[in-house]
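The structure appears below as structure tokens.
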Amino acid sequence: MPKINRLKPLPDAELKAILRAADDIIASGGRTLLCQILKGSKSRKLLELGLDRNPSYGYYKELTLEQITEKVDHMIRTGYLEKEYIGKLPMIVFTPLGWAIEKERRAEELVQSWNHWLENHITPTSMEDLKDRNRGMMFLFLYKILCTGDKKYIPFLKMWESIDYIKVKQEIRRVIQALNEKDTMTDSGWTQLLTERAQSLLVKSREPILLLCQSCDRIFLFDDTNPAYYMSSGLNLPTECMNCYGGDNDD
């Protein structure tokens, strides 16, 4: 069972920056390389791997490597990252909680990328970069597109559909169909459709995600398939268990 740590996590912006830096080296790089990305190192290995293009490159450029290492270690202690031995080498990997947060952020980055293309009248030459990515992340991206209810994304969706695998194609087609039909649907009908599509597009973590209730100090299971938790600002993690949430807490 995953460990629950009662230490206070890093501030949200720092937490997400470290997770984003780790994303490019998951299971292929260790703590030292992660700290170098966050420092903005000019080491040959880092530059050869193109890690200077990571959005979090240099995020902690004003800190020492020792200070950055402490922050990374705190991410491990608080249950967002962990070390896993690949052969004899310890590599950084996401915990289920860390990946849930990073997956949502990467999906939102894709939405913002498409918005940028549309606003600037840019037509991508290919959608091949969307193929072979984590399927849970790509389905979450599709769900976010669906939730906009906006037909402007359909040309990009059709380009994507033409190059991906059968199961992904099927979900893309369903999203295209829903966007085309939205104008003929009632508000309640659209809400029902979003609820139904969430059951296919929000993929449950392979391992349980456990959180600590800030009211009763008990451990509870986080349901990462609940669409209410997915916001454009990030994954909205509950701070209380179901027994405490909305209750009067009077004994």
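Just so we're on the same page: first chain in the structure tokens is A, next is B, and so on; residues restart at 1 for each chain, and ligands are numbered from 1 in the order they show up.
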So that I can see what lies close to Leu212 of chain A, please list as a list in words the residues with an atom at most 12 Å from it, counting only C-alpha atoms and leaving out residues fewer than 3 positions away in the same chain.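 That gives Pro2, Lys3, Ile4, Asn5, Arg6, Leu7, Lys8, Pro9, Thr78, Gly79, Ile209, Ser215, Cys216, Asp217, Arg218, Ile219, Phe220, Leu221, Phe222, Leu237, Pro238, Thr239, Glu240, Cys241, Met242 and Cys244 of chain A.
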Nearby residues (only C-alpha atoms) at most 12 Å from segment 167-171 of chain A, same-chain spacing under 2 positions excluded, as a PyMOL selection string: chain A and resi 130-143+145-146+157-165+173-178+197-202
Keeping only N, CA and C atoms, take the residues you just selected and write them out as a compact mmCIF listing (two decimals), in the first residue's frame.
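out-v9.txt, written as the output of this step:
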```
# COMPACT_ATOMS: atom_id res chain seq x y z
N LEU A 130 1.51 13.20 -31.30
CA LEU A 130 0.49 12.78 -30.35
C LEU A 130 0.38 11.26 -30.25
N LYS A 131 0.99 10.57 -31.18
CA LYS A 131 0.92 9.12 -31.21
C LYS A 131 1.92 8.52 -30.22
N ASP A 132 1.56 7.40 -29.64
CA ASP A 132 2.44 6.66 -28.73
C ASP A 132 2.70 7.38 -27.41
N ARG A 133 1.89 8.35 -27.07
CA ARG A 133 1.99 8.98 -25.76
C ARG A 133 1.13 8.19 -24.77
N ASN A 134 1.29 8.51 -23.49
CA ASN A 134 0.51 7.84 -22.46
C ASN A 134 -0.98 7.97 -22.78
N ARG A 135 -1.68 6.85 -22.87
CA ARG A 135 -3.07 6.88 -23.31
C ARG A 135 -3.98 7.59 -22.31
N GLY A 136 -3.72 7.41 -21.02
CA GLY A 136 -4.53 8.11 -20.03
C GLY A 136 -4.43 9.60 -20.19
N MET A 137 -3.23 10.11 -20.48
CA MET A 137 -3.04 11.54 -20.68
C MET A 137 -3.76 12.02 -21.94
N MET A 138 -3.67 11.24 -23.00
CA MET A 138 -4.30 11.65 -24.26
C MET A 138 -5.82 11.60 -24.18
N PHE A 139 -6.37 10.63 -23.44
CA PHE A 139 -7.81 10.59 -23.25
C PHE A 139 -8.28 11.76 -22.39
N LEU A 140 -7.47 12.15 -21.42
CA LEU A 140 -7.80 13.32 -20.60
C LEU A 140 -7.79 14.58 -21.47
N PHE A 141 -6.82 14.67 -22.37
CA PHE A 141 -6.77 15.77 -23.34
C PHE A 141 -8.05 15.81 -24.16
N LEU A 142 -8.47 14.65 -24.65
CA LEU A 142 -9.72 14.57 -25.41
C LEU A 142 -10.91 15.03 -24.57
N TYR A 143 -10.93 14.61 -23.31
CA TYR A 143 -12.04 15.00 -22.44
C TYR A 143 -12.07 16.52 -22.25
N ILE A 145 -10.98 18.76 -24.37
CA ILE A 145 -11.49 19.32 -25.63
C ILE A 145 -13.01 19.17 -25.70
N LEU A 146 -13.50 18.00 -25.34
CA LEU A 146 -14.94 17.77 -25.35
C LEU A 146 -15.67 18.75 -24.44
N LEU A 157 -8.75 17.54 -34.63
CA LEU A 157 -9.14 16.20 -34.21
C LEU A 157 -9.13 15.23 -35.39
N LYS A 158 -9.60 15.69 -36.55
CA LYS A 158 -9.61 14.83 -37.74
C LYS A 158 -8.19 14.50 -38.19
N MET A 159 -7.29 15.48 -38.09
CA MET A 159 -5.88 15.21 -38.44
C MET A 159 -5.31 14.17 -37.49
N TRP A 160 -5.60 14.30 -36.22
CA TRP A 160 -5.11 13.37 -35.22
C TRP A 160 -5.68 11.97 -35.46
N GLU A 161 -6.98 11.91 -35.73
CA GLU A 161 -7.65 10.62 -35.95
C GLU A 161 -6.99 9.84 -37.08
N SER A 162 -6.51 10.53 -38.09
CA SER A 162 -5.97 9.86 -39.27
C SER A 162 -4.67 9.11 -39.02
N ILE A 163 -3.99 9.40 -37.89
CA ILE A 163 -2.66 8.80 -37.69
C ILE A 163 -2.57 7.90 -36.46
N ASP A 164 -3.61 7.85 -35.64
CA ASP A 164 -3.47 7.12 -34.38
C ASP A 164 -4.05 5.71 -34.46
N TYR A 165 -3.97 4.99 -33.34
CA TYR A 165 -4.41 3.60 -33.28
C TYR A 165 -5.93 3.50 -33.14
N ARG A 173 -13.39 10.02 -32.72
CA ARG A 173 -14.62 10.11 -33.53
C ARG A 173 -15.82 10.45 -32.65
N ARG A 174 -15.88 9.84 -31.45
CA ARG A 174 -16.99 10.13 -30.54
C ARG A 174 -16.97 11.59 -30.10
N VAL A 175 -15.79 12.13 -29.87
CA VAL A 175 -15.69 13.53 -29.47
C VAL A 175 -16.11 14.44 -30.63
N ILE A 176 -15.66 14.13 -31.83
CA ILE A 176 -16.07 14.92 -33.00
C ILE A 176 -17.58 14.90 -33.16
N GLN A 177 -18.18 13.72 -33.06
CA GLN A 177 -19.62 13.59 -33.19
C GLN A 177 -20.35 14.41 -32.13
N ALA A 178 -19.86 14.34 -30.90
CA ALA A 178 -20.50 15.09 -29.81
C ALA A 178 -20.40 16.60 -30.04
N ARG A 197 -19.19 10.22 -21.23
CA ARG A 197 -17.89 10.17 -21.88
C ARG A 197 -16.75 10.14 -20.85
N ALA A 198 -16.98 10.74 -19.69
CA ALA A 198 -15.96 10.73 -18.64
C ALA A 198 -15.62 9.31 -18.22
N GLN A 199 -16.60 8.41 -18.30
CA GLN A 199 -16.38 7.03 -17.88
C GLN A 199 -15.37 6.33 -18.78
N SER A 200 -15.24 6.78 -20.03
CA SER A 200 -14.27 6.18 -20.95
C SER A 200 -12.97 6.98 -21.03
N LEU A 201 -13.07 8.31 -20.87
CA LEU A 201 -11.92 9.17 -21.12
C LEU A 201 -11.09 9.48 -19.88
N LEU A 202 -11.64 9.28 -18.70
CA LEU A 202 -10.87 9.49 -17.48
C LEU A 202 -10.42 8.12 -16.99
```
Would you list the contacts of segment 230-234 of chain A as a VMD selection string, taking every protein, DNA or RNA residue within 8 Å and counting only C-alpha atoms, but skipping same-chain residues closer than 2 positions in sequence? chain A and resid 101 104 to 105 108 226 to 228 236
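Note that atom CA of Lys16 of chain A and atom CA of Asn54 of chain A are 12.8 Å apart.
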Env of Leu34 of chain A: 10 Å cut, atoms = only C-alpha atoms, seq-sep filter 2 positions within chain, self excluded. Answer as an NGL selection string. :A and (18-19 or 21-26 or 29-32 or 36-39 or 46 or 51 or 57 or 68-69 or 72 or 91-92)
Using only C-alpha atoms, can you tell me which of A:Asp150, A:Glu181, A:Glu66, A:Asp223 comes closest to Leu235 of chain A? A:Asp223
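Backbone DSSP over segment 24-150 of chain A yields strand (DSSP E) at Leu81, Glu82, Lys83, Glu84, Tyr85, Ile86, Leu89, Pro90, Met91, Ile92, Val93 and Phe94 of chain A.
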Two-atom distance - atom CA of Tyr229 of chain A, atom CA of Ser113 of chain A (Å):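 Atom-to-atom, atom CA of Tyr229 of chain A and atom CA of Ser113 of chain A are spaced 21.9 Å apart.
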Val111 of chain A proximity check over A:Leu15, A:Gln67, A:Lys144, A:Arg44, using only C-alpha atoms: winner is A:Lys144
